[in-house]
Amino acid sequence: MKKLITLSLTALLVAAWTVSAFATEVVVYSARKEHQIKPLFEAYTAKTGVEVKYITGKAGALLERIKAEGKRTPADLFITVDAGNLWHAANEGVLQSVDSNILTDNIPAHLRDPQNRWVGLSVRARTIVYNTDKVNPADLSTYEALGDAEWKNRLLLRTSKKVYNQSLVASLIAEKGEAETGKIVKSWVANLSVHPFSSDTKALEAVAAGVGDVTMVNTYYFGRLLKKNTDLPLAIFWPNQKTFGVHMNVSGAGVTTHAKNKAEAVKLLEWLSSAAAQGKFASLNMEYPANESGKDDPIVAAWGEFKGNPMNVAKYGEYQARAIKLMDRAGYK
Ligand code: FE
């Protein structure tokens, strides 16, 4: 009897050892919120048996953590929002170049790092939203024109401290040069009806309440607000359709420089970029799939077709420091 128990204990131990020796995992640090990634990771684990461990937090804090952990970091994959943040992470040396035909086939070149240290996984448009009771959309045209005299005391903006606006202004610098962009940003500031807001949602709510008539936000904030209250007098306008197109940005990911499970991290990233995963990845936050074969969310598709700016989103990082200084000089708080 005793021998039997010993034997089965041994069998158990061997079984446990086998499981741990063959179990694979990937560790993800994500600035994208838990409810926007968890369903995907669960689907991936169900499909592959690979466990995805993750923590979520603010983009800047997670980047600092990866830097502080150095070679000991448990993070294999870093997910964050805004190309400016991805560029910054790569520039700080925490992401490594990944050579993958699957990634380059799935994600268009302008939505990934030219050195393949990160790829965009979802696309968001930063566009104009107006109060439908107070604005005739025929009077809207471009980002630049929101600085015209007719918008005096009618424009609302989110703070310039947010990376989304730094990326928007960076893209304008890349398009129009620094002197011209300086004039545009100054003209926006001159048209503000109140001090800039801390969030896109607050700016939208203020437009709906008539504090101002028009603002610039990421479309998913518009989608979220309208989901809660379908009666708000708000609508999307796609600017710059005759020039460079709507400002496009991404959320995305890169494999960390000191990844312990690099091969698994690459496989997870490749799967996240696949047509099968992309529809879900985008629709969890009412965004557009980065992979053009990914399915559009029906709510998002209803906002209509538009021309997006085909500029490489890495440019927003390259011009970020100049954008911040320019907004400061223009008095954009
Ligand atoms: Fe956001």
# chains A, B, ... in the order shown; residues from 1 in each chain; ligands from 1
>>> select_by_dssp(residues="region 77-298 of chain A", states="alpha helix (DSSP H)", output="short mmCIF file (atom, residue, chain, number, x, y, z; two decimals) with C-alpha atoms, in the first residue's frame")
data_model
loop_
_atom_site.label_atom_id
_atom_site.label_comp_id
_atom_site.auth_asym_id
_atom_site.auth_seq_id
_atom_site.Cartn_x
_atom_site.Cartn_y
_atom_site.Cartn_z
CA ALA A 83 2.34 56.44 -31.67
CA GLY A 84 4.09 59.20 -29.68
CA ASN A 85 4.31 56.85 -26.68
CA LEU A 86 5.40 53.87 -28.80
CA TRP A 87 8.08 55.99 -30.46
CA HIS A 88 9.23 57.21 -27.05
CA ALA A 89 9.47 53.63 -25.68
CA ALA A 90 11.53 52.56 -28.70
CA ASN A 91 13.71 55.65 -28.36
CA ASN A 101 6.69 38.74 -42.43
CA ILE A 102 3.35 38.12 -40.75
CA LEU A 103 3.49 41.54 -39.05
CA THR A 104 4.64 43.37 -42.17
CA ASP A 105 1.94 41.62 -44.24
CA ASN A 106 -0.83 42.33 -41.71
CA VAL A 163 -0.02 63.10 -25.95
CA TYR A 164 -2.98 62.94 -28.38
CA ASN A 165 -2.77 66.70 -28.98
CA GLN A 166 1.02 66.61 -29.06
CA SER A 167 0.74 64.03 -31.85
CA LEU A 168 -1.87 66.11 -33.70
CA VAL A 169 0.35 69.20 -33.58
CA ALA A 170 3.41 67.10 -34.48
CA SER A 171 1.59 65.92 -37.60
CA LEU A 172 0.76 69.53 -38.52
CA ILE A 173 4.44 70.47 -38.15
CA ALA A 174 5.33 67.57 -40.45
CA GLU A 175 2.70 68.72 -42.98
CA LYS A 176 3.01 72.50 -42.84
CA GLU A 178 6.86 74.92 -37.73
CA ALA A 179 6.16 78.60 -38.53
CA GLU A 180 2.79 77.87 -40.15
CA THR A 181 1.77 75.43 -37.38
CA GLY A 182 2.70 78.03 -34.76
CA LYS A 183 0.23 80.45 -36.37
CA ILE A 184 -2.50 77.78 -36.49
CA VAL A 185 -2.14 76.82 -32.82
CA LYS A 186 -2.13 80.49 -31.77
CA SER A 187 -5.31 81.06 -33.76
CA TRP A 188 -6.97 78.09 -32.00
CA VAL A 189 -6.02 79.49 -28.60
CA ALA A 190 -7.46 82.88 -29.58
CA ASN A 191 -10.79 81.18 -30.41
CA ASP A 200 -11.80 64.38 -24.57
CA THR A 201 -15.04 63.36 -22.87
CA LYS A 202 -15.25 66.63 -20.89
CA ALA A 203 -14.67 68.62 -24.08
CA LEU A 204 -17.45 66.66 -25.81
CA GLU A 205 -19.86 67.14 -22.90
CA ALA A 206 -19.14 70.88 -22.99
CA VAL A 207 -19.88 71.01 -26.72
CA ALA A 208 -23.16 69.14 -26.09
CA ALA A 209 -23.99 71.60 -23.28
CA THR A 219 -13.67 59.12 -32.27
CA TYR A 220 -14.04 56.36 -29.64
CA TYR A 221 -14.77 58.97 -26.94
CA PHE A 222 -17.59 60.24 -29.17
CA GLY A 223 -18.78 56.62 -29.55
CA ARG A 224 -18.71 55.96 -25.79
CA LEU A 225 -20.62 59.13 -24.95
CA LEU A 226 -23.29 58.53 -27.59
CA LYS A 227 -23.71 54.95 -26.36
CA LYS A 228 -24.63 56.33 -22.93
CA LYS A 262 10.60 36.45 -27.10
CA ALA A 263 9.37 33.73 -29.47
CA GLU A 264 6.04 33.53 -27.63
CA ALA A 265 5.73 37.33 -27.50
CA VAL A 266 6.22 37.53 -31.28
CA LYS A 267 3.61 34.81 -31.82
CA LEU A 268 1.09 36.65 -29.63
CA LEU A 269 1.80 39.91 -31.45
CA GLU A 270 1.37 38.18 -34.82
CA TRP A 271 -1.94 36.73 -33.69
CA LEU A 272 -3.14 40.12 -32.41
CA ALA A 275 -7.63 39.48 -39.39
CA ALA A 276 -9.32 37.10 -36.95
CA ALA A 277 -8.23 39.04 -33.83
CA GLN A 278 -8.25 42.55 -35.30
CA GLY A 279 -12.00 43.07 -35.50
CA LYS A 280 -12.34 42.24 -31.81
CA PHE A 281 -9.26 44.27 -30.80
CA ALA A 282 -10.66 47.36 -32.53
CA SER A 283 -14.31 46.98 -31.57
CA PRO A 298 -20.91 48.41 -37.07
#
>>> residues_near_ligand(ligand="ligand 1", cutoff="12 Å", atoms="only C-alpha atoms and all ligand atoms", output="PDB file with C-alpha atoms, in the first residue's frame")
ATOM      1  CA  ALA A  31      -1.489  50.739 -20.992  1.00  0.00           C
ATOM      2  CA  ARG A  32      -4.612  49.566 -22.763  1.00  0.00           C
ATOM      3  CA  LYS A  33      -7.269  48.874 -20.158  1.00  0.00           C
ATOM      4  CA  GLN A  36      -9.950  45.948 -23.841  1.00  0.00           C
ATOM      5  CA  LYS A  58      -0.594  54.294 -17.195  1.00  0.00           C
ATOM      6  CA  ALA A  59       1.662  54.419 -20.264  1.00  0.00           C
ATOM      7  CA  THR A  80       0.468  51.243 -25.179  1.00  0.00           C
ATOM      8  CA  VAL A  81      -1.619  53.928 -26.834  1.00  0.00           C
ATOM      9  CA  ASP A  82      -0.503  56.694 -29.182  1.00  0.00           C
ATOM     10  CA  SER A 122      -5.783  49.601 -33.704  1.00  0.00           C
ATOM     11  CA  VAL A 123      -6.377  52.925 -35.398  1.00  0.00           C
ATOM     12  CA  ARG A 124      -8.148  55.953 -33.967  1.00  0.00           C
ATOM     13  CA  ALA A 125      -9.076  59.108 -35.831  1.00  0.00           C
ATOM     14  CA  ARG A 126      -8.682  62.464 -34.049  1.00  0.00           C
ATOM     15  CA  ARG A 158      -8.404  69.265 -24.495  1.00  0.00           C
ATOM     16  CA  LYS A 162      -2.103  65.073 -23.471  1.00  0.00           C
ATOM     17  CA  VAL A 163      -0.019  63.097 -25.952  1.00  0.00           C
ATOM     18  CA  TYR A 164      -2.980  62.937 -28.383  1.00  0.00           C
ATOM     19  CA  ASN A 165      -2.770  66.697 -28.985  1.00  0.00           C
ATOM     20  CA  SER A 198      -8.568  67.519 -18.936  1.00  0.00           C
ATOM     21  CA  SER A 199     -10.229  64.886 -21.153  1.00  0.00           C
ATOM     22  CA  ASP A 200     -11.797  64.385 -24.573  1.00  0.00           C
ATOM     23  CA  THR A 201     -15.041  63.364 -22.868  1.00  0.00           C
ATOM     24  CA  VAL A 217     -11.350  64.393 -30.131  1.00  0.00           C
ATOM     25  CA  ASN A 218     -10.591  60.722 -30.740  1.00  0.00           C
ATOM     26  CA  THR A 219     -13.666  59.120 -32.268  1.00  0.00           C
ATOM     27  CA  TYR A 220     -14.036  56.360 -29.640  1.00  0.00           C
ATOM     28  CA  TYR A 221     -14.772  58.973 -26.942  1.00  0.00           C
ATOM     29  CA  PHE A 222     -17.587  60.236 -29.167  1.00  0.00           C
ATOM     30  CA  GLY A 223     -18.782  56.620 -29.548  1.00  0.00           C
ATOM     31  CA  ARG A 224     -18.706  55.957 -25.792  1.00  0.00           C
ATOM     32  CA  ASN A 249      -3.146  57.494 -34.562  1.00  0.00           C
ATOM     33  CA  VAL A 250      -2.680  53.978 -33.193  1.00  0.00           C
ATOM     34  CA  SER A 251      -2.571  51.859 -30.124  1.00  0.00           C
ATOM     35  CA  ASN A 285     -12.663  50.287 -27.936  1.00  0.00           C
ATOM     36  CA  MET A 286     -14.742  51.387 -30.959  1.00  0.00           C
ATOM     37  CA  GLU A 287     -11.599  51.883 -33.068  1.00  0.00           C
TER      38      GLU A 287
END
>>> residues_around(residues="region 62-69 of chain A", least_positions_apart="4", cutoff="10 Å", atoms="only C-alpha atoms", output="list in words")
Tyr29, Ser30, Ala31, Ile55, Thr56, Gly57, Lys58, Thr73, Pro74, Ala75, Asp76, Phe78, Ile79, Thr80, Asn85, Leu86, His88, Ala89, Glu92, Gly93, Val94, Leu95, Thr256, Thr257 and His258 of chain A
>>> residues_around(residues="Leu234 (chain A)", least_positions_apart="3", cutoff="7 Å", atoms="only C-alpha atoms", output="ChimeraX atom specification")
/A:129-132,208
>>> write_last_selection(atoms="C-alpha atoms", output="mmCIF file, in the first residue's frame")
data_model
loop_
_atom_site.group_PDB
_atom_site.id
_atom_site.type_symbol
_atom_site.label_atom_id
_atom_site.label_comp_id
_atom_site.auth_asym_id
_atom_site.auth_seq_id
_atom_site.Cartn_x
_atom_site.Cartn_y
_atom_site.Cartn_z
ATOM 1 C CA VAL A 129 -17.015 67.026 -33.395
ATOM 2 C CA TYR A 130 -19.635 69.798 -33.481
ATOM 3 C CA ASN A 131 -22.918 70.762 -31.839
ATOM 4 C CA THR A 132 -25.644 69.935 -34.368
ATOM 5 C CA ALA A 208 -23.156 69.139 -26.089
#
>>> residues_around(residues="Trp238 (chain A)", least_positions_apart="3", cutoff="12 Å", atoms="only C-alpha atoms", output="mmCIF file with N, CA, C and O atoms, in the first residue's frame")
data_model
loop_
_atom_site.group_PDB
_atom_site.id
_atom_site.type_symbol
_atom_site.label_atom_id
_atom_site.label_comp_id
_atom_site.auth_asym_id
_atom_site.auth_seq_id
_atom_site.Cartn_x
_atom_site.Cartn_y
_atom_site.Cartn_z
ATOM 1 N N ALA A 125 -9.109 57.847 -35.092
ATOM 2 C CA ALA A 125 -9.076 59.108 -35.831
ATOM 3 C C ALA A 125 -9.292 60.229 -34.832
ATOM 4 O O ALA A 125 -10.175 60.147 -33.976
ATOM 5 N N ARG A 126 -8.456 61.281 -34.893
ATOM 6 C CA ARG A 126 -8.682 62.464 -34.049
ATOM 7 C C ARG A 126 -9.326 63.500 -34.955
ATOM 8 O O ARG A 126 -8.677 64.059 -35.846
ATOM 9 N N THR A 127 -10.597 63.725 -34.737
ATOM 10 C CA THR A 127 -11.363 64.486 -35.712
ATOM 11 C C THR A 127 -12.181 65.594 -35.053
ATOM 12 O O THR A 127 -12.123 65.789 -33.835
ATOM 13 N N ILE A 128 -12.947 66.313 -35.873
ATOM 14 C CA ILE A 128 -13.773 67.409 -35.366
ATOM 15 C C ILE A 128 -15.150 66.879 -34.971
ATOM 16 O O ILE A 128 -15.739 66.065 -35.695
ATOM 17 N N VAL A 129 -15.633 67.310 -33.805
ATOM 18 C CA VAL A 129 -17.015 67.026 -33.395
ATOM 19 C C VAL A 129 -17.694 68.366 -33.125
ATOM 20 O O VAL A 129 -17.100 69.249 -32.512
ATOM 21 N N TYR A 130 -18.934 68.513 -33.606
ATOM 22 C CA TYR A 130 -19.635 69.798 -33.481
ATOM 23 C C TYR A 130 -21.024 69.619 -32.874
ATOM 24 O O TYR A 130 -21.587 68.517 -32.875
ATOM 25 N N PRO A 137 -22.565 71.923 -40.746
ATOM 26 C CA PRO A 137 -21.304 71.254 -41.121
ATOM 27 C C PRO A 137 -20.681 71.816 -42.404
ATOM 28 O O PRO A 137 -19.475 71.673 -42.607
ATOM 29 N N ALA A 138 -21.494 72.478 -43.230
ATOM 30 C CA ALA A 138 -20.951 73.091 -44.457
ATOM 31 C C ALA A 138 -19.956 74.203 -44.119
ATOM 32 O O ALA A 138 -19.127 74.572 -44.958
ATOM 33 N N LEU A 140 -17.693 73.886 -41.806
ATOM 34 C CA LEU A 140 -16.448 73.254 -41.339
ATOM 35 C C LEU A 140 -15.626 72.801 -42.541
ATOM 36 O O LEU A 140 -16.184 72.449 -43.589
ATOM 37 N N SER A 141 -14.310 72.803 -42.399
ATOM 38 C CA SER A 141 -13.473 72.319 -43.506
ATOM 39 C C SER A 141 -12.208 71.615 -43.024
ATOM 40 O O SER A 141 -11.997 70.442 -43.319
ATOM 41 N N THR A 142 -11.363 72.341 -42.249
ATOM 42 C CA THR A 142 -10.058 71.784 -41.871
ATOM 43 C C THR A 142 -9.747 72.068 -40.396
ATOM 44 O O THR A 142 -10.403 72.897 -39.761
ATOM 45 N N TYR A 143 -8.728 71.372 -39.882
ATOM 46 C CA TYR A 143 -8.225 71.670 -38.522
ATOM 47 C C TYR A 143 -7.772 73.132 -38.466
ATOM 48 O O TYR A 143 -8.066 73.847 -37.512
ATOM 49 N N MET A 216 -12.002 68.947 -30.965
ATOM 50 C CA MET A 216 -11.275 67.884 -31.672
ATOM 51 C C MET A 216 -11.003 66.742 -30.694
ATOM 52 O O MET A 216 -10.416 66.970 -29.640
ATOM 53 N N VAL A 217 -11.479 65.543 -31.037
ATOM 54 C CA VAL A 217 -11.350 64.393 -30.131
ATOM 55 C C VAL A 217 -11.091 63.099 -30.904
ATOM 56 O O VAL A 217 -11.310 63.035 -32.115
ATOM 57 N N ASN A 218 -10.678 62.066 -30.155
ATOM 58 C CA ASN A 218 -10.591 60.722 -30.740
ATOM 59 C C ASN A 218 -12.010 60.168 -30.849
ATOM 60 O O ASN A 218 -12.804 60.284 -29.909
ATOM 61 N N THR A 219 -12.288 59.537 -31.972
ATOM 62 C CA THR A 219 -13.666 59.120 -32.268
ATOM 63 C C THR A 219 -14.265 58.171 -31.226
ATOM 64 O O THR A 219 -15.472 58.199 -31.011
ATOM 65 N N ALA A 235 -22.188 65.581 -33.576
ATOM 66 C CA ALA A 235 -21.898 64.809 -34.794
ATOM 67 C C ALA A 235 -20.428 64.951 -35.161
ATOM 68 O O ALA A 235 -19.773 65.928 -34.780
ATOM 69 N N GLN A 241 -10.390 66.784 -46.047
ATOM 70 C CA GLN A 241 -10.605 65.750 -47.062
ATOM 71 C C GLN A 241 -10.024 66.145 -48.421
ATOM 72 O O GLN A 241 -9.782 65.285 -49.256
ATOM 73 N N LYS A 242 -9.817 67.462 -48.626
ATOM 74 C CA LYS A 242 -9.215 67.892 -49.904
ATOM 75 C C LYS A 242 -7.713 68.082 -49.758
ATOM 76 O O LYS A 242 -7.033 68.417 -50.728
ATOM 77 N N THR A 243 -7.201 67.949 -48.531
ATOM 78 C CA THR A 243 -5.744 68.081 -48.350
ATOM 79 C C THR A 243 -5.170 66.779 -47.798
ATOM 80 O O THR A 243 -5.307 65.731 -48.425
ATOM 81 N N PHE A 244 -4.558 66.805 -46.593
ATOM 82 C CA PHE A 244 -3.817 65.614 -46.139
ATOM 83 C C PHE A 244 -4.660 64.551 -45.457
ATOM 84 O O PHE A 244 -4.182 63.465 -45.175
ATOM 85 N N GLY A 245 -5.921 64.835 -45.164
ATOM 86 C CA GLY A 245 -6.777 63.819 -44.543
ATOM 87 C C GLY A 245 -6.837 63.930 -43.031
ATOM 88 O O GLY A 245 -6.152 64.743 -42.415
ATOM 89 N N VAL A 246 -7.674 63.089 -42.438
ATOM 90 C CA VAL A 246 -7.909 63.098 -40.988
ATOM 91 C C VAL A 246 -6.678 62.576 -40.248
ATOM 92 O O VAL A 246 -6.014 61.644 -40.716
ATOM 93 N N HIS A 247 -6.388 63.187 -39.099
ATOM 94 C CA HIS A 247 -5.245 62.764 -38.273
ATOM 95 C C HIS A 247 -5.511 61.367 -37.696
ATOM 96 O O HIS A 247 -6.470 61.161 -36.960
ATOM 97 N N MET A 248 -4.650 60.417 -38.043
ATOM 98 C CA MET A 248 -4.809 59.035 -37.592
ATOM 99 C C MET A 248 -3.729 58.693 -36.576
ATOM 100 O O MET A 248 -2.581 59.092 -36.731
ATOM 101 N N TRP A 303 -20.181 55.813 -38.835
ATOM 102 C CA TRP A 303 -19.665 57.189 -38.848
ATOM 103 C C TRP A 303 -19.215 57.610 -40.249
ATOM 104 O O TRP A 303 -18.891 58.774 -40.493
ATOM 105 N N GLY A 304 -19.157 56.653 -41.152
ATOM 106 C CA GLY A 304 -18.912 56.995 -42.559
ATOM 107 C C GLY A 304 -17.468 56.832 -43.005
ATOM 108 O O GLY A 304 -16.548 56.708 -42.200
ATOM 109 N N GLU A 305 -17.317 56.824 -44.309
ATOM 110 C CA GLU A 305 -16.003 56.688 -44.933
ATOM 111 C C GLU A 305 -15.292 58.043 -44.934
ATOM 112 O O GLU A 305 -15.949 59.087 -45.017
ATOM 113 N N PHE A 306 -14.002 58.029 -44.875
ATOM 114 C CA PHE A 306 -13.243 59.279 -44.932
ATOM 115 C C PHE A 306 -11.820 58.970 -45.374
ATOM 116 O O PHE A 306 -11.391 57.818 -45.330
ATOM 117 N N LYS A 307 -11.123 60.023 -45.754
ATOM 118 C CA LYS A 307 -9.708 59.869 -46.109
ATOM 119 C C LYS A 307 -8.856 60.149 -44.869
ATOM 120 O O LYS A 307 -8.949 61.234 -44.285
ATOM 121 N N GLY A 308 -8.058 59.169 -44.471
ATOM 122 C CA GLY A 308 -7.145 59.349 -43.347
ATOM 123 C C GLY A 308 -5.778 59.763 -43.854
ATOM 124 O O GLY A 308 -5.411 59.470 -44.997
ATOM 125 N N ASN A 309 -5.030 60.455 -43.018
ATOM 126 C CA ASN A 309 -3.676 60.875 -43.398
ATOM 127 C C ASN A 309 -2.755 59.645 -43.468
ATOM 128 O O ASN A 309 -2.631 58.913 -42.494
#
>>> atom_distance(atom1="CA of Asp296 (chain A)", atom2="CA of Phe41 (chain A)")
20.0 Å
>>> atom_distance(atom1="CA of Arg117 (chain A)", atom2="CA of Ala314 (chain A)")
10.8 Å
>>> select_by_dssp(residues="region 122-166 of chain A", states="strand (DSSP E)", output="ChimeraX atom specification")
/A:122-131
>>> closest_residue(among="A:Ser97, A:Val119, A:Ala321, A:Pro310", to="Lys161 (chain A)", atoms="only C-alpha atoms")
A:Ala321
>>> residues_around(residues="Asp139 (chain A)", least_positions_apart="6", cutoff="12 Å", atoms="only C-alpha atoms", output="list in words")
Tyr130, Thr132, Ala145, Leu146, Asp148, Glu150, Trp151, Asp213, Val214, Phe237 and Pro239 of chain A
>>> write_last_selection(atoms="N, CA and C atoms", output="PDB file, in the first residue's frame")
ATOM      1  N   TYR A 130     -18.934  68.513 -33.606  1.00  0.00           N
ATOM      2  CA  TYR A 130     -19.635  69.798 -33.481  1.00  0.00           C
ATOM      3  C   TYR A 130     -21.024  69.619 -32.874  1.00  0.00           C
ATOM      4  N   THR A 132     -24.756  69.950 -33.191  1.00  0.00           N
ATOM      5  CA  THR A 132     -25.644  69.935 -34.368  1.00  0.00           C
ATOM      6  C   THR A 132     -26.718  71.027 -34.314  1.00  0.00           C
ATOM      7  N   ALA A 145      -8.690  75.704 -40.162  1.00  0.00           N
ATOM      8  CA  ALA A 145      -9.754  76.711 -40.260  1.00  0.00           C
ATOM      9  C   ALA A 145     -10.472  76.946 -38.926  1.00  0.00           C
ATOM     10  N   LEU A 146     -10.281  76.063 -37.941  1.00  0.00           N
ATOM     11  CA  LEU A 146     -10.888  76.299 -36.621  1.00  0.00           C
ATOM     12  C   LEU A 146     -10.252  77.513 -35.940  1.00  0.00           C
ATOM     13  N   ASP A 148     -10.051  80.354 -37.665  1.00  0.00           N
ATOM     14  CA  ASP A 148     -10.634  81.508 -38.365  1.00  0.00           C
ATOM     15  C   ASP A 148     -11.547  82.313 -37.437  1.00  0.00           C
ATOM     16  N   GLU A 150     -14.527  83.286 -37.612  1.00  0.00           N
ATOM     17  CA  GLU A 150     -15.915  82.841 -37.392  1.00  0.00           C
ATOM     18  C   GLU A 150     -16.067  81.877 -36.205  1.00  0.00           C
ATOM     19  N   TRP A 151     -14.950  81.307 -35.724  1.00  0.00           N
ATOM     20  CA  TRP A 151     -15.009  80.377 -34.592  1.00  0.00           C
ATOM     21  C   TRP A 151     -14.607  81.039 -33.271  1.00  0.00           C
ATOM     22  N   ASP A 213     -18.927  75.308 -29.453  1.00  0.00           N
ATOM     23  CA  ASP A 213     -19.676  74.689 -30.562  1.00  0.00           C
ATOM     24  C   ASP A 213     -18.941  73.544 -31.228  1.00  0.00           C
ATOM     25  N   VAL A 214     -17.606  73.499 -31.023  1.00  0.00           N
ATOM     26  CA  VAL A 214     -16.811  72.558 -31.814  1.00  0.00           C
ATOM     27  C   VAL A 214     -15.540  72.185 -31.046  1.00  0.00           C
ATOM     28  N   PHE A 237     -17.344  65.359 -37.840  1.00  0.00           N
ATOM     29  CA  PHE A 237     -17.002  65.937 -39.150  1.00  0.00           C
ATOM     30  C   PHE A 237     -15.590  65.479 -39.518  1.00  0.00           C
ATOM     31  N   PRO A 239     -12.369  66.332 -41.296  1.00  0.00           N
ATOM     32  CA  PRO A 239     -11.711  67.500 -41.900  1.00  0.00           C
ATOM     33  C   PRO A 239     -10.628  67.126 -42.922  1.00  0.00           C
TER      34      PRO A 239
END
>>> atom_distance(atom1="CA of Gly177 (chain A)", atom2="CA of Ala290 (chain A)")
27.6 Å
